[in-house]
Amino acid sequence: MELRYRAPEGMNDVLPESSPLWQYVESRWREHCHRYGYGEIRTPILESAALFERSVGETSDIVSKEMYVLERGEERYALKPEGTAPVVRAYIEHSLHASGGAQKLYYITPFFRGERPQKGRYRQAHQFGAEIFGAAHPLADAELLAMVTAFFTALGIPESALELRLNTIGCPECRPAYRDAVRQFGQANFERLCNNCQSRLERNPLRILDCKECVAVTADAPPIDPYLCEGCRTHFETLQGLLKTLGVGYVRDHRLVRGLDYYTRTTFEVVAEQGLGSQNALCGGGRYDGLVEALGGPPTPALGVGIGVERTLLVLHALNAPLPQPPRIDAFVVAFGEAARPVALQIAQQLRAAGVACDLDLEGRSPKAQMRMANRSGARYALLLGDSELAAGTATVKDLVSHEQLAVPQTELAAWIHAQRNRP
């Protein structure tokens, strides 16, 4: 049969056999963020397109090439292509700064980019994110980086499989001189740059540093360190010292400038050695101390991270990391005959209300077919209901592992199953 409809290219269904793994990593992220003092925030799928043009930057690839824009009359919206700008918008709109002190927010969100799909890169993907507002000290940078690396360790990804790459891109005071130096370098090597980098050179010259096609060309590009102002230099040196104190290993990467206009000072990525191919960045983030003010809020230092959910799952599979087994039901209720079917449904509902996961046939199958369903379901027990059980007010409980059977009063089934769970 020819399929009439398919999911859009680069947008994937998550089927029941895969969803338990998604639920697992999502629950670990929530637990991890709560442990670090974060509160959850949820923002809309749609935001004003101008929000991303102002924050991410009109010359960025995301805005200029990849953003999905929807127009309705004079209104112009975008499916959110990243998670930080919507959180900043909500931080300003709801005056979260009014409570004073640092605000820590986390989220789990889909995002959308109209790029060429490949392994680890999709048109709809999902992101774990965390943002800190109101903390200017490098202590915040160090804690965020320690939190990120600890999350991957908690998932069972060994430190040896990942590499934290770290850089600073200065601030609006010192970065212009560095940008000019990179532009001059690019102009001197213009013919050797790829077409994309040639067009970027005037609009956003720092982007040539993270182009994979131009790695050999930019190997001798000037590093930023001589251009850093005293504040940026001190911030970065202090951060490196704090990471050493925490035992967080990293590699200095002078090319790491990130692709969004709002970053200042600290930038970082965690890359995976296995599972992702060329799209090996598992997460990325950094400081954006001027973004809140640029979007109409008060001057507010801020920093954050975005972690790819799909990429995290790919790495876990590639490393054969220990993952939880999909949850199984406790019992399957088998009805022998029409008279037993309404009782089976009633017992199933009573068990579920008592915290017992169970299932039953809803299509009037034969007892033999129901037993096949019970075995396929992964249930530990089959609860058999026939004429004799109905007359006695019992159910015959069959252990589908040991094949032992015993009669249990219907009113005591939930307590009996709970007691079996607690047996040593």
# chains A, B, ... in the order shown; residues from 1 in each chain; ligands from 1
call {"tool": "residues_around", "arguments": {"residues": "region 312-320 of chain A", "least_positions_apart": "6", "cutoff": "12 Å", "atoms": "only C-alpha atoms", "output": "PyMOL selection string"}}
result
chain A and resi 18-26+29+119-121+125-128+151-162+270-277+279-283+306
call {"tool": "write_last_selection", "arguments": {"atoms": "C-alpha atoms", "output": "PDB file, in the first residue's frame"}}
result
ATOM      1  CA  SER A  18      11.698   4.579  21.859  1.00  0.00           C
ATOM      2  CA  SER A  19       9.716   6.912  24.104  1.00  0.00           C
ATOM      3  CA  PRO A  20      10.849   5.293  27.397  1.00  0.00           C
ATOM      4  CA  LEU A  21      14.439   6.341  26.592  1.00  0.00           C
ATOM      5  CA  TRP A  22      13.278   9.892  25.917  1.00  0.00           C
ATOM      6  CA  GLN A  23      11.353   9.887  29.181  1.00  0.00           C
ATOM      7  CA  TYR A  24      14.438   8.570  30.974  1.00  0.00           C
ATOM      8  CA  VAL A  25      16.842  11.288  29.800  1.00  0.00           C
ATOM      9  CA  GLU A  26      14.180  13.967  30.283  1.00  0.00           C
ATOM     10  CA  TRP A  29      17.616  16.359  33.223  1.00  0.00           C
ATOM     11  CA  LYS A 119      22.633  12.299  11.300  1.00  0.00           C
ATOM     12  CA  GLY A 120      22.387  14.448  14.409  1.00  0.00           C
ATOM     13  CA  ARG A 121      20.828  17.375  12.511  1.00  0.00           C
ATOM     14  CA  ALA A 125      14.930  18.652  17.097  1.00  0.00           C
ATOM     15  CA  HIS A 126      14.711  18.865  20.870  1.00  0.00           C
ATOM     16  CA  GLN A 127      16.853  20.627  23.390  1.00  0.00           C
ATOM     17  CA  PHE A 128      17.573  20.589  27.091  1.00  0.00           C
ATOM     18  CA  PHE A 151      24.832  15.432  33.689  1.00  0.00           C
ATOM     19  CA  PHE A 152      26.548  13.424  30.973  1.00  0.00           C
ATOM     20  CA  THR A 153      28.417  11.405  33.589  1.00  0.00           C
ATOM     21  CA  ALA A 154      25.122  10.678  35.384  1.00  0.00           C
ATOM     22  CA  LEU A 155      23.716   9.308  32.114  1.00  0.00           C
ATOM     23  CA  GLY A 156      26.587   6.830  31.919  1.00  0.00           C
ATOM     24  CA  ILE A 157      28.721   8.606  29.305  1.00  0.00           C
ATOM     25  CA  PRO A 158      32.363   8.328  30.437  1.00  0.00           C
ATOM     26  CA  GLU A 159      34.501  11.467  30.558  1.00  0.00           C
ATOM     27  CA  SER A 160      36.893   9.863  28.057  1.00  0.00           C
ATOM     28  CA  ALA A 161      34.124   9.834  25.420  1.00  0.00           C
ATOM     29  CA  LEU A 162      33.582  13.591  25.599  1.00  0.00           C
ATOM     30  CA  VAL A 270      30.978  19.498  24.497  1.00  0.00           C
ATOM     31  CA  VAL A 271      31.819  17.210  21.589  1.00  0.00           C
ATOM     32  CA  ALA A 272      31.420  13.442  21.418  1.00  0.00           C
ATOM     33  CA  GLU A 273      34.049  11.063  20.118  1.00  0.00           C
ATOM     34  CA  GLN A 274      31.436   8.516  18.964  1.00  0.00           C
ATOM     35  CA  GLY A 275      27.895   8.379  17.684  1.00  0.00           C
ATOM     36  CA  LEU A 276      27.438  11.714  15.907  1.00  0.00           C
ATOM     37  CA  GLY A 277      29.720  11.727  12.892  1.00  0.00           C
ATOM     38  CA  GLN A 279      27.793  16.792  13.719  1.00  0.00           C
ATOM     39  CA  ASN A 280      29.710  15.958  16.877  1.00  0.00           C
ATOM     40  CA  ALA A 281      28.711  18.889  19.109  1.00  0.00           C
ATOM     41  CA  LEU A 282      26.566  17.441  21.877  1.00  0.00           C
ATOM     42  CA  CYS A 283      25.886  20.784  23.498  1.00  0.00           C
ATOM     43  CA  GLY A 306      21.625  24.036  25.070  1.00  0.00           C
TER      44      GLY A 306
END
call {"tool": "select_by_dssp", "arguments": {"residues": "region 90-223 of chain A", "states": "strand (DSSP E or B)", "output": "ChimeraX atom specification"}}
result
/A:103-112,118,121,124-133,162-168
call {"tool": "write_last_selection", "arguments": {"atoms": "N, CA and C atoms", "output": "tab-separated table (two decimals), in the first residue's frame"}}
result
chain	number	residue	atom	x	y	z
A	103	GLN	N	18.68	34.26	38.91
A	103	GLN	CA	17.56	33.42	38.54
A	103	GLN	C	18.09	32.26	37.69
A	104	LYS	N	17.69	31.04	38.06
A	104	LYS	CA	18.11	29.86	37.30
A	104	LYS	C	16.88	29.20	36.71
A	105	LEU	N	16.86	29.04	35.39
A	105	LEU	CA	15.72	28.48	34.69
A	105	LEU	C	16.18	27.36	33.77
A	106	TYR	N	15.37	26.29	33.70
A	106	TYR	CA	15.69	25.21	32.76
A	106	TYR	C	14.45	24.90	31.93
A	107	TYR	N	14.65	24.18	30.81
A	107	TYR	CA	13.54	23.86	29.94
A	107	TYR	C	13.87	22.65	29.09
A	108	ILE	N	12.84	22.05	28.55
A	108	ILE	CA	12.94	21.01	27.52
A	108	ILE	C	12.02	21.45	26.40
A	109	THR	N	12.56	21.64	25.20
A	109	THR	CA	11.74	22.24	24.15
A	109	THR	C	12.12	21.69	22.78
A	110	PRO	N	11.13	21.63	21.86
A	110	PRO	CA	11.49	21.41	20.45
A	110	PRO	C	11.97	22.72	19.84
A	111	PHE	N	12.78	22.61	18.79
A	111	PHE	CA	13.14	23.80	18.01
A	111	PHE	C	13.20	23.41	16.55
A	112	PHE	N	13.19	24.40	15.67
A	112	PHE	CA	12.96	24.15	14.25
A	112	PHE	C	13.95	24.93	13.40
A	118	GLN	N	20.57	15.44	8.34
A	118	GLN	CA	21.60	14.42	8.35
A	118	GLN	C	21.68	13.88	9.76
A	121	ARG	N	21.33	16.05	12.90
A	121	ARG	CA	20.83	17.38	12.51
A	121	ARG	C	19.47	17.20	11.86
A	124	GLN	N	13.18	19.39	12.89
A	124	GLN	CA	12.63	19.55	14.24
A	124	GLN	C	13.50	18.70	15.15
A	125	ALA	N	14.11	19.34	16.11
A	125	ALA	CA	14.93	18.65	17.10
A	125	ALA	C	14.49	19.12	18.48
A	126	HIS	N	15.11	18.55	19.49
A	126	HIS	CA	14.71	18.86	20.87
A	126	HIS	C	15.94	19.22	21.68
A	127	GLN	N	15.73	20.06	22.65
A	127	GLN	CA	16.85	20.63	23.39
A	127	GLN	C	16.56	20.67	24.89
A	128	PHE	N	17.55	20.26	25.67
A	128	PHE	CA	17.57	20.59	27.09
A	128	PHE	C	18.29	21.93	27.21
A	129	GLY	N	17.75	22.84	28.00
A	129	GLY	CA	18.40	24.13	28.16
A	129	GLY	C	18.42	24.56	29.60
A	130	ALA	N	19.40	25.38	29.94
A	130	ALA	CA	19.51	25.98	31.27
A	130	ALA	C	20.07	27.38	31.11
A	131	GLU	N	19.47	28.34	31.82
A	131	GLU	CA	19.90	29.73	31.73
A	131	GLU	C	20.06	30.29	33.14
A	132	ILE	N	21.08	31.13	33.33
A	132	ILE	CA	21.30	31.82	34.60
A	132	ILE	C	21.28	33.32	34.33
A	133	PHE	N	20.43	34.04	35.05
A	133	PHE	CA	20.33	35.49	34.90
A	133	PHE	C	20.79	36.18	36.19
A	162	LEU	N	33.99	12.22	25.87
A	162	LEU	CA	33.58	13.59	25.60
A	162	LEU	C	34.77	14.55	25.75
A	163	GLU	N	34.65	15.69	25.12
A	163	GLU	CA	35.67	16.72	25.25
A	163	GLU	C	34.99	18.07	25.41
A	164	LEU	N	35.28	18.75	26.50
A	164	LEU	CA	34.78	20.10	26.73
A	164	LEU	C	35.75	21.08	26.09
A	165	ARG	N	35.25	21.87	25.14
A	165	ARG	CA	36.06	22.87	24.46
A	165	ARG	C	35.65	24.25	24.95
A	166	LEU	N	36.63	25.06	25.26
A	166	LEU	CA	36.38	26.33	25.95
A	166	LEU	C	37.11	27.47	25.27
A	167	ASN	N	36.46	28.63	25.25
A	167	ASN	CA	37.11	29.81	24.68
A	167	ASN	C	36.47	31.05	25.29
A	168	THR	N	37.05	32.19	24.99
A	168	THR	CA	36.43	33.48	25.29
A	168	THR	C	36.44	34.30	24.00
call {"tool": "select_by_dssp", "arguments": {"residues": "region 101-255 of chain A", "states": "alpha helix (DSSP H)", "output": "PyMOL selection string"}}
result
chain A and resi 138-154+175-188+195-203+230-246
call {"tool": "residues_around", "arguments": {"residues": "Gly296 (chain A)", "least_positions_apart": "4", "cutoff": "12 Å", "atoms": "only C-alpha atoms", "output": "list in words"}}
result
Leu51, Arg54, Ser55, Val88, Arg89, Ala90, Tyr91, Ile92, Glu93, Ser95, Gly290, Leu291, Val292 and Thr300 of chain A
call {"tool": "atom_distance", "arguments": {"atom1": "CA of Asp210 (chain A)", "atom2": "CA of Leu228 (chain A)"}}
result
19.4 Å
call {"tool": "residues_around", "arguments": {"residues": "Ala140 (chain A)", "least_positions_apart": "4", "cutoff": "10 Å", "atoms": "only C-alpha atoms", "output": "PyMOL selection string"}}
result
chain A and resi 102+132-136+144-146+239+287+302-304
call {"tool": "write_last_selection", "arguments": {"atoms": "C-alpha atoms", "output": "PDB file, in the first residue's frame"}}
result
ATOM      1  CA  ALA A 102      20.367  35.198  40.371  1.00  0.00           C
ATOM      2  CA  ILE A 132      21.296  31.822  34.603  1.00  0.00           C
ATOM      3  CA  PHE A 133      20.335  35.495  34.903  1.00  0.00           C
ATOM      4  CA  GLY A 134      21.948  38.071  37.176  1.00  0.00           C
ATOM      5  CA  ALA A 135      25.288  36.368  37.860  1.00  0.00           C
ATOM      6  CA  ALA A 136      28.355  38.152  36.443  1.00  0.00           C
ATOM      7  CA  LEU A 144      27.239  25.689  34.716  1.00  0.00           C
ATOM      8  CA  LEU A 145      30.112  23.803  33.068  1.00  0.00           C
ATOM      9  CA  ALA A 146      30.415  21.463  36.048  1.00  0.00           C
ATOM     10  CA  LEU A 239      37.134  30.593  35.215  1.00  0.00           C
ATOM     11  CA  ARG A 287      27.649  34.118  28.175  1.00  0.00           C
ATOM     12  CA  ALA A 302      23.475  36.006  31.799  1.00  0.00           C
ATOM     13  CA  LEU A 303      24.726  32.686  30.497  1.00  0.00           C
ATOM     14  CA  GLY A 304      23.277  29.375  29.393  1.00  0.00           C
TER      15      GLY A 304
END
call {"tool": "residues_around", "arguments": {"residues": "region 68-72 of chain A", "least_positions_apart": "6", "cutoff": "7 Å", "atoms": "only C-alpha atoms", "output": "JSON, numbers by chain"}}
result
{"A": [49, 78, 79, 113, 114]}
call {"tool": "residues_around", "arguments": {"residues": "region 189-196 of chain A", "least_positions_apart": "4", "cutoff": "9 Å", "atoms": "only C-alpha atoms", "output": "list in words"}}
result
Gln184, Phe185, Arg200, Leu201, Ile208, Cys211, Glu213, Cys214, Val217 and Thr218 of chain A
call {"tool": "write_last_selection", "arguments": {"atoms": "C-alpha atoms", "output": "compact mmCIF listing (two decimals), in the first residue's frame"}}
result
# COMPACT_ATOMS: atom_id res chain seq x y z
CA GLN A 184 42.20 41.43 7.67
CA PHE A 185 43.44 37.84 7.94
CA ARG A 200 30.61 36.12 5.78
CA LEU A 201 33.87 38.02 5.86
CA ILE A 208 35.16 31.88 9.37
CA CYS A 211 33.93 26.69 9.37
CA GLU A 213 35.72 23.59 5.24
CA CYS A 214 38.27 26.28 6.08
CA VAL A 217 43.05 28.11 5.93
CA THR A 218 42.30 29.52 9.38
call {"tool": "closest_residue", "arguments": {"among": "A:Ile41, A:Leu351, A:Leu383, A:Ala142", "to": "Gly241 (chain A)", "atoms": "only C-alpha atoms"}}
result
A:Ala142
call {"tool": "closest_residue", "arguments": {"among": "A:Tyr227, A:Arg203, A:Gly355, A:Arg35", "to": "Glu58 (chain A)", "atoms": "only C-alpha atoms"}}
result
A:Arg203
call {"tool": "atom_distance", "arguments": {"atom1": "CA of Arg183 (chain A)", "atom2": "CA of Val215 (chain A)"}}
result
15.8 Å
call {"tool": "atom_distance", "arguments": {"atom1": "CA of Pro117 (chain A)", "atom2": "CA of Gly10 (chain A)"}}
result
5.2 Å
call {"tool": "closest_residue", "arguments": {"among": "A:Met67, A:Leu385, A:Ala331, A:Ala379", "to": "Ala344 (chain A)", "atoms": "only C-alpha atoms"}}
result
A:Leu385
